[in-house]
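Asker: This is structure29.pdb (PDB, C-alpha atoms).
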```pdb
ATOM      1  CA  MET A   1     -47.673  -4.696 -14.584
ATOM      2  CA  PRO A   2     -48.780  -7.790 -16.567
ATOM      3  CA  VAL A   3     -49.135 -11.231 -14.977
ATOM      4  CA  LYS A   4     -45.935 -13.229 -15.568
ATOM      5  CA  GLN A   5     -47.535 -16.644 -15.182
ATOM      6  CA  ALA A   6     -50.790 -18.291 -14.152
ATOM      7  CA  PHE A   7     -51.670 -21.889 -13.402
ATOM      8  CA  LYS A   8     -54.650 -24.002 -12.426
ATOM      9  CA  HIS A   9     -54.140 -27.622 -11.416
ATOM     10  CA  GLU A  10     -56.876 -30.232 -11.551
ATOM     11  CA  GLN A  11     -57.923 -29.842  -7.888
ATOM     12  CA  GLN A  12     -57.930 -26.048  -7.920
ATOM     13  CA  ARG A  13     -61.213 -24.169  -8.059
ATOM     14  CA  VAL A  14     -59.639 -20.860  -9.093
ATOM     15  CA  PRO A  15     -56.413 -19.933 -10.888
ATOM     16  CA  VAL A  16     -53.252 -18.568  -9.293
ATOM     17  CA  LYS A  17     -51.821 -15.431 -10.926
ATOM     18  CA  ILE A  18     -48.156 -14.668 -10.270
ATOM     19  CA  TRP A  19     -46.348 -11.407 -10.997
ATOM     20  CA  THR A  20     -42.892 -13.008 -11.298
ATOM     21  CA  ASP A  21     -41.079 -15.816 -13.110
ATOM     22  CA  ASP A  22     -38.957 -16.527 -10.035
ATOM     23  CA  VAL A  23     -41.060 -18.714  -7.718
ATOM     24  CA  ASP A  24     -40.047 -22.014  -6.131
ATOM     25  CA  GLU A  25     -42.106 -25.207  -6.372
ATOM     26  CA  ALA A  26     -42.944 -25.298  -2.649
ATOM     27  CA  SER A  27     -44.527 -21.847  -2.887
ATOM     28  CA  LYS A  28     -46.450 -22.913  -6.001
ATOM     29  CA  GLU A  29     -47.789 -25.943  -4.124
ATOM     30  CA  GLN A  30     -48.838 -23.760  -1.201
ATOM     31  CA  LEU A  31     -50.626 -21.331  -3.515
ATOM     32  CA  ALA A  32     -52.356 -24.245  -5.274
ATOM     33  CA  ARG A  33     -53.628 -25.641  -1.940
ATOM     34  CA  ILE A  34     -55.191 -22.304  -1.067
ATOM     35  CA  ALA A  35     -56.838 -22.155  -4.492
ATOM     36  CA  GLN A  36     -58.600 -25.476  -3.771
ATOM     37  CA  LEU A  37     -60.723 -24.059  -0.966
ATOM     38  CA  PRO A  38     -64.438 -23.698  -1.792
ATOM     39  CA  PHE A  39     -64.737 -20.078  -0.630
ATOM     40  CA  VAL A  40     -61.715 -18.522  -2.388
ATOM     41  CA  HIS A  41     -63.024 -15.869  -4.783
ATOM     42  CA  HIS A  42     -61.982 -15.463  -8.434
ATOM     43  CA  HIS A  43     -58.193 -16.062  -8.138
ATOM     44  CA  VAL A  44     -55.204 -16.093  -5.808
ATOM     45  CA  ALA A  45     -52.581 -13.411  -6.497
ATOM     46  CA  ALA A  46     -48.845 -13.734  -5.799
ATOM     47  CA  MET A  47     -46.511 -10.742  -5.705
ATOM     48  CA  PRO A  48     -42.970 -10.442  -7.176
ATOM     49  CA  ASP A  49     -41.357 -11.314  -3.815
ATOM     50  CA  VAL A  50     -43.560 -14.366  -3.193
ATOM     51  CA  HIS A  51     -42.078 -17.024  -0.888
ATOM     52  CA  LEU A  52     -43.142 -19.887   1.356
ATOM     53  CA  GLY A  53     -44.978 -18.955   4.559
ATOM     54  CA  ILE A  54     -47.092 -20.488   7.310
ATOM     55  CA  GLY A  55     -50.749 -20.851   6.350
ATOM     56  CA  ALA A  56     -50.365 -18.836   3.175
ATOM     57  CA  THR A  57     -47.543 -17.788   0.917
ATOM     58  CA  ILE A  58     -45.888 -14.515   1.938
ATOM     59  CA  GLY A  59     -46.437 -11.990  -0.796
ATOM     60  CA  SER A  60     -49.947 -13.218  -1.624
ATOM     61  CA  VAL A  61     -53.456 -11.777  -1.785
ATOM     62  CA  ILE A  62     -56.461 -14.028  -1.121
ATOM     63  CA  ALA A  63     -60.079 -12.946  -1.509
ATOM     64  CA  THR A  64     -62.575 -15.161   0.345
ATOM     65  CA  ASP A  65     -66.356 -15.239   0.218
ATOM     66  CA  GLY A  66     -67.977 -16.233   3.509
ATOM     67  CA  ALA A  67     -64.910 -17.397   5.449
ATOM     68  CA  ILE A  68     -61.476 -16.321   6.700
ATOM     69  CA  ILE A  69     -58.320 -18.401   7.220
ATOM     70  CA  PRO A  70     -56.591 -17.157  10.421
ATOM     71  CA  ALA A  71     -53.190 -18.698   9.628
ATOM     72  CA  ALA A  72     -53.270 -17.030   6.204
ATOM     73  CA  VAL A  73     -53.735 -13.653   7.870
ATOM     74  CA  GLY A  74     -50.772 -14.610  10.040
ATOM     75  CA  VAL A  75     -49.549 -14.001  13.586
ATOM     76  CA  ASP A  76     -48.222 -10.450  13.256
ATOM     77  CA  LEU A  77     -51.653  -8.917  12.774
ATOM     78  CA  GLY A  78     -51.499  -5.461  11.254
ATOM     79  CA  CYS A  79     -47.772  -5.595  10.570
ATOM     80  CA  GLY A  80     -46.833  -2.747   8.284
ATOM     81  CA  MET A  81     -44.829   0.398   7.769
ATOM     82  CA  VAL A  82     -44.881   4.110   8.416
ATOM     83  CA  ALA A  83     -42.769   6.741   6.689
ATOM     84  CA  ALA A  84     -42.395  10.497   7.077
ATOM     85  CA  ARG A  85     -40.371  12.856   4.878
ATOM     86  CA  LEU A  86     -38.363  15.510   6.664
ATOM     87  CA  SER A  87     -37.481  18.968   5.394
ATOM     88  CA  LEU A  88     -33.804  17.945   5.287
ATOM     89  CA  THR A  89     -31.580  16.791   2.444
ATOM     90  CA  ALA A  90     -28.531  14.538   2.428
ATOM     91  CA  ASN A  91     -26.017  17.413   2.388
ATOM     92  CA  GLU A  92     -27.476  18.757   5.659
ATOM     93  CA  VAL A  93     -26.791  15.557   7.635
ATOM     94  CA  ASP A  94     -23.265  14.356   8.370
ATOM     95  CA  GLU A  95     -21.938  11.125   9.891
ATOM     96  CA  LYS A  96     -21.632  12.630  13.368
ATOM     97  CA  ALA A  97     -25.291  13.684  13.322
ATOM     98  CA  LEU A  98     -26.354  10.230  12.125
ATOM     99  CA  GLN A  99     -24.457   8.535  14.956
ATOM    100  CA  LYS A 100     -26.201  10.817  17.456
ATOM    101  CA  ALA A 101     -29.497   9.991  15.755
ATOM    102  CA  PHE A 102     -28.832   6.259  16.071
ATOM    103  CA  ASP A 103     -28.026   6.602  19.766
ATOM    104  CA  GLY A 104     -31.101   8.756  20.362
ATOM    105  CA  ILE A 105     -33.465   6.339  18.599
ATOM    106  CA  THR A 106     -31.942   3.389  20.489
ATOM    107  CA  ARG A 107     -32.697   5.108  23.804
ATOM    108  CA  ALA A 108     -36.210   6.174  22.787
ATOM    109  CA  VAL A 109     -37.614   2.926  21.342
ATOM    110  CA  PRO A 110     -37.343  -0.479  23.076
ATOM    111  CA  VAL A 111     -36.736  -3.421  20.712
ATOM    112  CA  GLY A 112     -37.710  -7.100  20.636
ATOM    113  CA  LYS A 113     -39.166  -8.353  23.928
ATOM    114  CA  ALA A 114     -38.286  -5.076  25.648
ATOM    115  CA  GLN A 115     -40.929  -2.590  26.713
ATOM    116  CA  HIS A 116     -41.292   0.887  28.165
ATOM    117  CA  ARG A 117     -40.655   0.800  31.925
ATOM    118  CA  ASP A 118     -43.048   3.630  32.713
ATOM    119  CA  GLN A 119     -46.682   2.587  32.132
ATOM    120  CA  ASP A 120     -47.679   6.235  31.731
ATOM    121  CA  VAL A 121     -45.377   6.899  28.769
ATOM    122  CA  LEU A 122     -48.093   6.275  26.191
ATOM    123  CA  ALA A 123     -51.172   6.008  28.421
ATOM    124  CA  ASP A 124     -53.381   8.080  26.122
ATOM    125  CA  ALA A 125     -52.578   5.848  23.158
ATOM    126  CA  VAL A 126     -53.245   2.677  25.158
ATOM    127  CA  ARG A 127     -56.482   3.716  26.851
ATOM    128  CA  PRO A 128     -58.933   3.011  23.946
ATOM    129  CA  PHE A 129     -57.667  -0.572  23.687
ATOM    130  CA  VAL A 130     -58.199  -1.638  27.309
ATOM    131  CA  GLN A 131     -61.962  -2.218  27.499
ATOM    132  CA  PRO A 132     -62.290  -4.110  24.177
ATOM    133  CA  LEU A 133     -59.431  -6.436  25.160
ATOM    134  CA  GLU A 134     -60.942  -7.055  28.586
ATOM    135  CA  ALA A 135     -64.226  -7.976  26.876
ATOM    136  CA  MET A 136     -62.424 -10.448  24.596
ATOM    137  CA  CYS A 137     -60.699 -12.030  27.576
ATOM    138  CA  GLN A 138     -63.980 -12.406  29.466
ATOM    139  CA  LYS A 139     -65.398 -14.357  26.524
ATOM    140  CA  HIS A 140     -62.151 -16.290  25.911
ATOM    141  CA  PRO A 141     -60.411 -16.666  29.319
ATOM    142  CA  ASP A 142     -57.599 -18.748  27.819
ATOM    143  CA  LEU A 143     -56.385 -15.629  26.032
ATOM    144  CA  LEU A 144     -54.919 -14.446  29.320
ATOM    145  CA  LYS A 145     -52.724 -17.547  29.395
ATOM    146  CA  SER A 146     -51.471 -16.676  25.917
ATOM    147  CA  PHE A 147     -49.917 -13.340  26.766
ATOM    148  CA  GLY A 148     -49.276 -13.559  30.487
ATOM    149  CA  LYS A 149     -49.310 -10.307  32.393
ATOM    150  CA  PHE A 150     -52.183  -8.145  31.234
ATOM    151  CA  SER A 151     -50.111  -4.976  31.490
ATOM    152  CA  LYS A 152     -47.244  -6.118  29.251
ATOM    153  CA  TRP A 153     -49.019  -5.229  26.012
ATOM    154  CA  MET A 154     -49.623  -1.719  27.356
ATOM    155  CA  ASN A 155     -45.921  -1.123  27.890
ATOM    156  CA  GLN A 156     -45.124  -2.518  24.431
ATOM    157  CA  MET A 157     -47.108   0.250  22.762
ATOM    158  CA  GLY A 158     -44.518   2.361  20.953
ATOM    159  CA  THR A 159     -41.903  -0.410  20.725
ATOM    160  CA  LEU A 160     -40.231  -2.182  17.817
ATOM    161  CA  GLY A 161     -40.596  -5.888  17.085
ATOM    162  CA  GLY A 162     -37.720  -8.277  16.440
ATOM    163  CA  GLY A 163     -36.831 -10.223  13.318
ATOM    164  CA  ASN A 164     -37.035  -8.126  10.159
ATOM    165  CA  HIS A 165     -38.605  -5.125  11.900
ATOM    166  CA  PHE A 166     -36.525  -1.967  11.718
ATOM    167  CA  ILE A 167     -36.261   1.801  12.123
ATOM    168  CA  GLU A 168     -34.155   3.762   9.681
ATOM    169  CA  VAL A 169     -33.249   7.276   8.648
ATOM    170  CA  CYS A 170     -32.917   7.026   4.876
ATOM    171  CA  LEU A 171     -32.807   8.957   1.596
ATOM    172  CA  ASP A 172     -35.088   8.897  -1.418
ATOM    173  CA  GLU A 173     -33.947   9.158  -5.038
ATOM    174  CA  SER A 174     -33.821  12.959  -4.740
ATOM    175  CA  GLY A 175     -31.593  12.920  -1.650
ATOM    176  CA  ARG A 176     -34.401  13.926   0.721
ATOM    177  CA  VAL A 177     -34.315  12.556   4.273
ATOM    178  CA  TRP A 178     -37.038  10.192   5.495
ATOM    179  CA  VAL A 179     -37.790   8.336   8.715
ATOM    180  CA  MET A 180     -39.203   4.876   8.019
ATOM    181  CA  LEU A 181     -40.058   1.965  10.284
ATOM    182  CA  HIS A 182     -41.508  -1.531  10.035
ATOM    183  CA  SER A 183     -43.397  -3.151  12.920
ATOM    184  CA  GLY A 184     -46.695  -4.737  13.900
ATOM    185  CA  SER A 185     -48.914  -5.648  16.842
ATOM    186  CA  ARG A 186     -46.096  -6.956  19.048
ATOM    187  CA  GLY A 187     -46.552  -9.855  21.483
ATOM    188  CA  ILE A 188     -50.246  -9.249  22.019
ATOM    189  CA  GLY A 189     -51.002  -9.527  18.283
ATOM    190  CA  ASN A 190     -49.092 -12.801  18.088
ATOM    191  CA  ALA A 191     -50.948 -14.150  21.130
ATOM    192  CA  LEU A 192     -54.372 -13.246  19.730
ATOM    193  CA  ALA A 193     -53.574 -14.725  16.325
ATOM    194  CA  SER A 194     -52.082 -17.941  17.721
ATOM    195  CA  TYR A 195     -55.097 -18.485  19.975
ATOM    196  CA  PHE A 196     -57.589 -18.168  17.114
ATOM    197  CA  ILE A 197     -55.486 -20.233  14.689
ATOM    198  CA  ALA A 198     -55.604 -23.092  17.219
ATOM    199  CA  LEU A 199     -59.330 -22.511  17.753
ATOM    200  CA  ALA A 200     -60.000 -22.722  14.003
ATOM    201  CA  ARG A 201     -58.143 -26.044  13.843
ATOM    202  CA  ARG A 202     -60.246 -27.416  16.696
ATOM    203  CA  ASP A 203     -63.419 -26.271  14.945
ATOM    204  CA  MET A 204     -62.375 -28.097  11.761
ATOM    205  CA  GLU A 205     -61.763 -31.290  13.750
ATOM    206  CA  ARG A 206     -65.082 -30.924  15.553
ATOM    207  CA  TRP A 207     -66.945 -30.481  12.261
ATOM    208  CA  LEU A 208     -64.945 -33.311  10.581
ATOM    209  CA  ILE A 209     -63.861 -30.988   7.747
ATOM    210  CA  GLN A 210     -61.000 -32.338   5.642
ATOM    211  CA  LEU A 211     -58.474 -29.725   4.509
ATOM    212  CA  PRO A 212     -55.569 -29.706   2.020
ATOM    213  CA  HIS A 213     -53.400 -28.619   4.981
ATOM    214  CA  ARG A 214     -54.083 -28.035   8.683
ATOM    215  CA  ASP A 215     -52.867 -24.428   8.388
ATOM    216  CA  LEU A 216     -55.855 -23.725   6.138
ATOM    217  CA  ALA A 217     -58.359 -24.127   8.989
ATOM    218  CA  TYR A 218     -60.985 -21.414   8.658
ATOM    219  CA  PHE A 219     -63.892 -19.686  10.353
ATOM    220  CA  PRO A 220     -67.079 -19.648   8.228
ATOM    221  CA  GLU A 221     -68.930 -16.348   8.336
ATOM    222  CA  GLY A 222     -71.838 -16.649  10.772
ATOM    223  CA  ALA A 223     -70.209 -19.499  12.716
ATOM    224  CA  GLU A 224     -69.612 -19.372  16.464
ATOM    225  CA  HIS A 225     -66.105 -17.900  16.441
ATOM    226  CA  PHE A 226     -66.070 -15.818  13.253
ATOM    227  CA  GLU A 227     -67.105 -12.514  14.832
ATOM    228  CA  ASP A 228     -64.819 -13.080  17.819
ATOM    229  CA  TYR A 229     -61.879 -13.548  15.489
ATOM    230  CA  MET A 230     -62.766 -10.463  13.470
ATOM    231  CA  GLN A 231     -62.963  -8.390  16.651
ATOM    232  CA  ALA A 232     -59.498  -9.623  17.635
ATOM    233  CA  VAL A 233     -58.090  -8.892  14.169
ATOM    234  CA  SER A 234     -59.594  -5.405  14.111
ATOM    235  CA  TRP A 235     -58.240  -4.712  17.615
ATOM    236  CA  ALA A 236     -54.729  -5.902  16.709
ATOM    237  CA  GLN A 237     -54.649  -4.062  13.387
ATOM    238  CA  ASP A 238     -55.619  -0.823  15.130
ATOM    239  CA  TYR A 239     -53.011  -1.497  17.828
ATOM    240  CA  ALA A 240     -50.328  -2.042  15.173
ATOM    241  CA  ARG A 241     -51.222   1.188  13.382
ATOM    242  CA  VAL A 242     -51.161   3.227  16.610
ATOM    243  CA  ASN A 243     -47.952   1.482  17.683
ATOM    244  CA  ARG A 244     -46.261   2.749  14.518
ATOM    245  CA  GLU A 245     -47.657   6.254  15.071
ATOM    246  CA  CYS A 246     -46.281   6.273  18.623
ATOM    247  CA  MET A 247     -42.876   5.013  17.532
ATOM    248  CA  LEU A 248     -42.677   7.620  14.802
ATOM    249  CA  ALA A 249     -43.445  10.340  17.355
ATOM    250  CA  LEU A 250     -40.740   8.991  19.687
ATOM    251  CA  VAL A 251     -38.209   8.821  16.856
ATOM    252  CA  LEU A 252     -38.937  12.343  15.636
ATOM    253  CA  LYS A 253     -38.578  13.661  19.172
ATOM    254  CA  ALA A 254     -35.263  11.829  19.555
ATOM    255  CA  LEU A 255     -34.011  13.349  16.304
ATOM    256  CA  GLU A 256     -34.765  16.902  17.402
ATOM    257  CA  GLY A 257     -31.510  17.168  19.319
ATOM    258  CA  CYS A 258     -29.446  15.230  16.792
ATOM    259  CA  LEU A 259     -30.254  16.598  13.330
ATOM    260  CA  PRO A 260     -30.513  20.191  12.118
ATOM    261  CA  LEU A 261     -33.858  21.894  12.690
ATOM    262  CA  PHE A 262     -36.524  20.135  10.585
ATOM    263  CA  THR A 263     -40.239  19.754   9.978
ATOM    264  CA  VAL A 264     -42.265  16.812   8.651
ATOM    265  CA  THR A 265     -43.409  17.531   5.099
ATOM    266  CA  ASP A 266     -46.318  15.981   3.202
ATOM    267  CA  GLU A 267     -48.675  13.370   4.606
ATOM    268  CA  VAL A 268     -47.264  10.580   6.766
ATOM    269  CA  VAL A 269     -47.711   7.173   5.075
ATOM    270  CA  ASN A 270     -48.938   4.403   7.414
ATOM    271  CA  CYS A 271     -50.005   1.135   5.807
ATOM    272  CA  HIS A 272     -50.539  -2.496   6.802
ATOM    273  CA  HIS A 273     -49.074  -5.360   4.790
ATOM    274  CA  ASN A 274     -50.378  -8.223   6.979
ATOM    275  CA  TYR A 275     -54.114  -7.758   7.348
ATOM    276  CA  VAL A 276     -57.659  -8.563   6.317
ATOM    277  CA  ALA A 277     -60.267  -6.073   5.070
ATOM    278  CA  ARG A 278     -63.764  -6.062   3.576
ATOM    279  CA  GLU A 279     -63.632  -4.977  -0.087
ATOM    280  CA  HIS A 280     -65.600  -5.296  -3.338
ATOM    281  CA  HIS A 281     -63.963  -7.264  -6.145
ATOM    282  CA  TYR A 282     -65.276  -9.019  -9.248
ATOM    283  CA  GLY A 283     -68.927  -8.471  -8.387
ATOM    284  CA  LYS A 284     -68.850  -9.480  -4.701
ATOM    285  CA  ASN A 285     -68.153  -8.057  -1.264
ATOM    286  CA  VAL A 286     -65.359 -10.307  -0.003
ATOM    287  CA  TRP A 287     -62.758 -10.582   2.726
ATOM    288  CA  VAL A 288     -59.321  -9.761   1.323
ATOM    289  CA  THR A 289     -56.292 -11.177   3.118
ATOM    290  CA  ARG A 290     -52.993  -9.535   2.237
ATOM    291  CA  LYS A 291     -49.962 -11.385   3.593
ATOM    292  CA  GLY A 292     -46.832  -9.396   2.901
ATOM    293  CA  ALA A 293     -48.703  -7.253   0.377
ATOM    294  CA  ILE A 294     -50.179  -3.758   0.317
ATOM    295  CA  ARG A 295     -53.319  -2.377  -1.287
ATOM    296  CA  ALA A 296     -52.563  -0.496  -4.520
ATOM    297  CA  ARG A 297     -55.766   1.114  -5.726
ATOM    298  CA  VAL A 298     -55.692   4.359  -7.726
ATOM    299  CA  GLY A 299     -54.701   7.101  -5.290
ATOM    300  CA  ASP A 300     -53.281   4.740  -2.645
ATOM    301  CA  VAL A 301     -49.836   5.543  -1.268
ATOM    302  CA  GLY A 302     -47.835   2.598   0.024
ATOM    303  CA  ILE A 303     -44.338   1.548   1.076
ATOM    304  CA  VAL A 304     -42.280  -1.276  -0.460
ATOM    305  CA  PRO A 305     -39.190  -1.737   1.743
ATOM    306  CA  GLY A 306     -35.848  -3.457   1.318
ATOM    307  CA  SER A 307     -35.985  -7.032   0.086
ATOM    308  CA  MET A 308     -39.649  -6.644  -0.854
ATOM    309  CA  GLY A 309     -38.465  -4.541  -3.789
ATOM    310  CA  VAL A 310     -35.792  -6.928  -5.092
ATOM    311  CA  GLY A 311     -38.096  -8.751  -7.493
ATOM    312  CA  ALA A 312     -40.115  -5.709  -8.534
TER     313      ALA A 312
END
```
Take the structure from the file and write it as structure tokens.
Answerer:
Amino acid sequence: MPVKQAFKHEQQRVPVKIWTDDVDEASKEQLARIAQLPFVHHHVAAMPDVHLGIGATIGSVIATDGAIIPAAVGVDLGCGMVAARLSLTANEVDEKALQKAFDGITRAVPVGKAQHRDQDVLADAVRPFVQPLEAMCQKHPDLLKSFGKFSKWMNQMGTLGGGNHFIEVCLDESGRVWVMLHSGSRGIGNALASYFIALARRDMERWLIQLPHRDLAYFPEGAEHFEDYMQAVSWAQDYARVNRECMLALVLKALEGCLPLFTVTDEVVNCHHNYVAREHHYGKNVWVTRKGAIRARVGDVGIVPGSMGVGA
């Protein structure tokens, strides 16, 4: 898909490339501020659904060389989607079955601030995350203040976030039935991200670094808090991915008594759209922040849900 428009203002170091004609001026200004930063690599990309966000424009991709902007990565670390195609078609599922499915999913998956009451429900999924989080909290004791009871995040494994997060039983263009859901790293991911966003701002003040906007505070690679932040991001992104896997398992189990006998066909798709990863682009190994965007290399399979597809 060709670039619809590109711009480079006087203060920008790199151009902004936008894959839509429909972008408001506030979003353009936010994209231009990001493009001023000395470590942004090659260009800033904006997707067809681009719109104003905190730190960085939602629907943007930012490659950085030697630094990461925590607020650009965002507070719902690892937010993304998972989808599984079932061996059912539309004519095998009636309204009565769908109502039973809705009721079953509602009982199986807590939503918003809710959590599983039984700590053992998903103990095996939670166990690998305990020691790394304890280590982070030993190094950054204030993290404990950010998310209160240490056990709450454990019980939120396998639960759905609020806002625009959702679970749905849907159809593709061929009338095949899918289960799809959208969620992230829950309260613990928000707490980790918020803590390090504030820490980055304090570092900028301490080093007397002037920024185009306070939300663009960053951690330089090799600096005191860079590795700590990356450990937190990696932890939360893994948590978000496993959270979606657990929810999908709970949903499929709930559907077993509601829909006709089915199996899951093909490979389950599970992808982040709020994350940072190390990749090679335009001759350099860089940190790529995708905020409301998925990776789309040759062979990649992704999910573009609901309103994200309106401008495509």
Asker: Excluding Lys8 (chain A) and its own-chain neighbours fewer than 2 positions away, which residues fall within 10 Å of it when counting only C-alpha atoms? Please give them as a count of residues only.
Answerer: 13
Asker: Between A:Arg201, A:Phe196, A:Lys28, A:Cys258, which has the minimum distance to Ile105 (chain A) (counting all atoms listed in the file)?
Answerer: A:Cys258
Asker: List as JSON, numbers by chain the protein and nucleic acid residues near region 139-146 of chain A, meaning an atom at most 9 Å away when only C-alpha atoms are counted, but skip any in the same chain fewer than 3 places from it.
Answerer: {"A": [134, 135, 136, 149, 150, 188, 191, 192, 194, 195, 228]}
Asker: Do you know which residues lie at most 12 Å from (-36.4, 20.7, 12.9), with coordinates as in the file and all atoms listed in the file counted, and could you write them as a list of chain:residue names?
Answerer: A:Arg85, A:Leu86, A:Ser87, A:Leu88, A:Glu92, A:Leu252, A:Lys253, A:Ala254, A:Leu255, A:Glu256, A:Gly257, A:Cys258, A:Leu259, A:Pro260, A:Leu261, A:Phe262, A:Thr263, A:Val264, A:Thr265
Asker: Taking 2 positions as the minimum chain separation for residues in the same chain, which residues sit within 12 Å of Ala296 (chain A) when counting all atoms listed in the file? Answer as a VMD selection string.
Answerer: chain A and resid 1 47 61 271 to 273 290 293 to 294 298 to 304
Asker: Can you list, as a PyMOL selection string, the residues that the PyMOL selection byres ((chain A and resi 110) around 12) selects here?
Answerer: chain A and resi 104-109+111-118+155-162+166-167+186+247+250-251
Asker: For each of A:Ile54, A:Ile69, A:Val126, A:Met230, take the minimum atom-to-atom distance to Ala200 (chain A), counting only C-alpha atoms, then give the residue where this is smallest.
Answerer: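 Using only C-alpha atoms, Ala200 (chain A) sits closest to A:Ile69.
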Asker: How far is it from CA of Thr57 (chain A) to CA of Ile34 (chain A), in Å with one decimal?
Answerer: 9.1 Å
Asker: Applying the PyMOL selection byres ((chain A and resi 217) around 8) to the file I just gave you, which residues come out? Please list them as a PyMOL selection string.
Answerer: chain A and resi 69-71+197+200-201+204+211+213-216+218-219
Asker: Give the answer as one residue: which of A:Asn285, A:Asn190, A:Ser183, A:Asn243 has the shortest atom-to-atom distance to Asn164 (chain A), using all atoms listed in the file?
Answerer: A:Ser183
Asker: Can you spell out as JSON, numbers by chain the set of residues that the PyMOL selection byres ((chain A and resi 235-242) around 6) selects in the structure I just provided?
Answerer: {"A": [77, 78, 184, 185, 189, 232, 233, 234, 243, 244, 245]}
Asker: If the box runs along x, y and z of the file and leaves 6 Å on each side of region 219-232 of chain A, what are its centre and edge lengths in Å, one decimal, as JSON?
Answerer:
```
{"center_x": -65.7, "center_y": -14.0, "center_z": 13.0, "size_x": 24.3, "size_y": 23.3, "size_z": 21.6}
```
Asker: Please compute the CA of Val40 (chain A)-CA of Thr289 (chain A) distance, one decimal, in Å.
Answerer: 10.7 Å
Asker: Measure the distance from CA of Leu98 (chain A) to CA of Met81 (chain A) in Å and round it to one decimal.
Answerer: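 According to the coordinates, CA of Leu98 (chain A) and CA of Met81 (chain A) are separated by 21.4 Å.
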Asker: For a quick check of understanding, using only C-alpha atoms, which of A:Asp65, A:Ala26, A:Gln231, A:Gln210 has the smallest distance to Phe129 (chain A)?
Answerer: A:Gln231
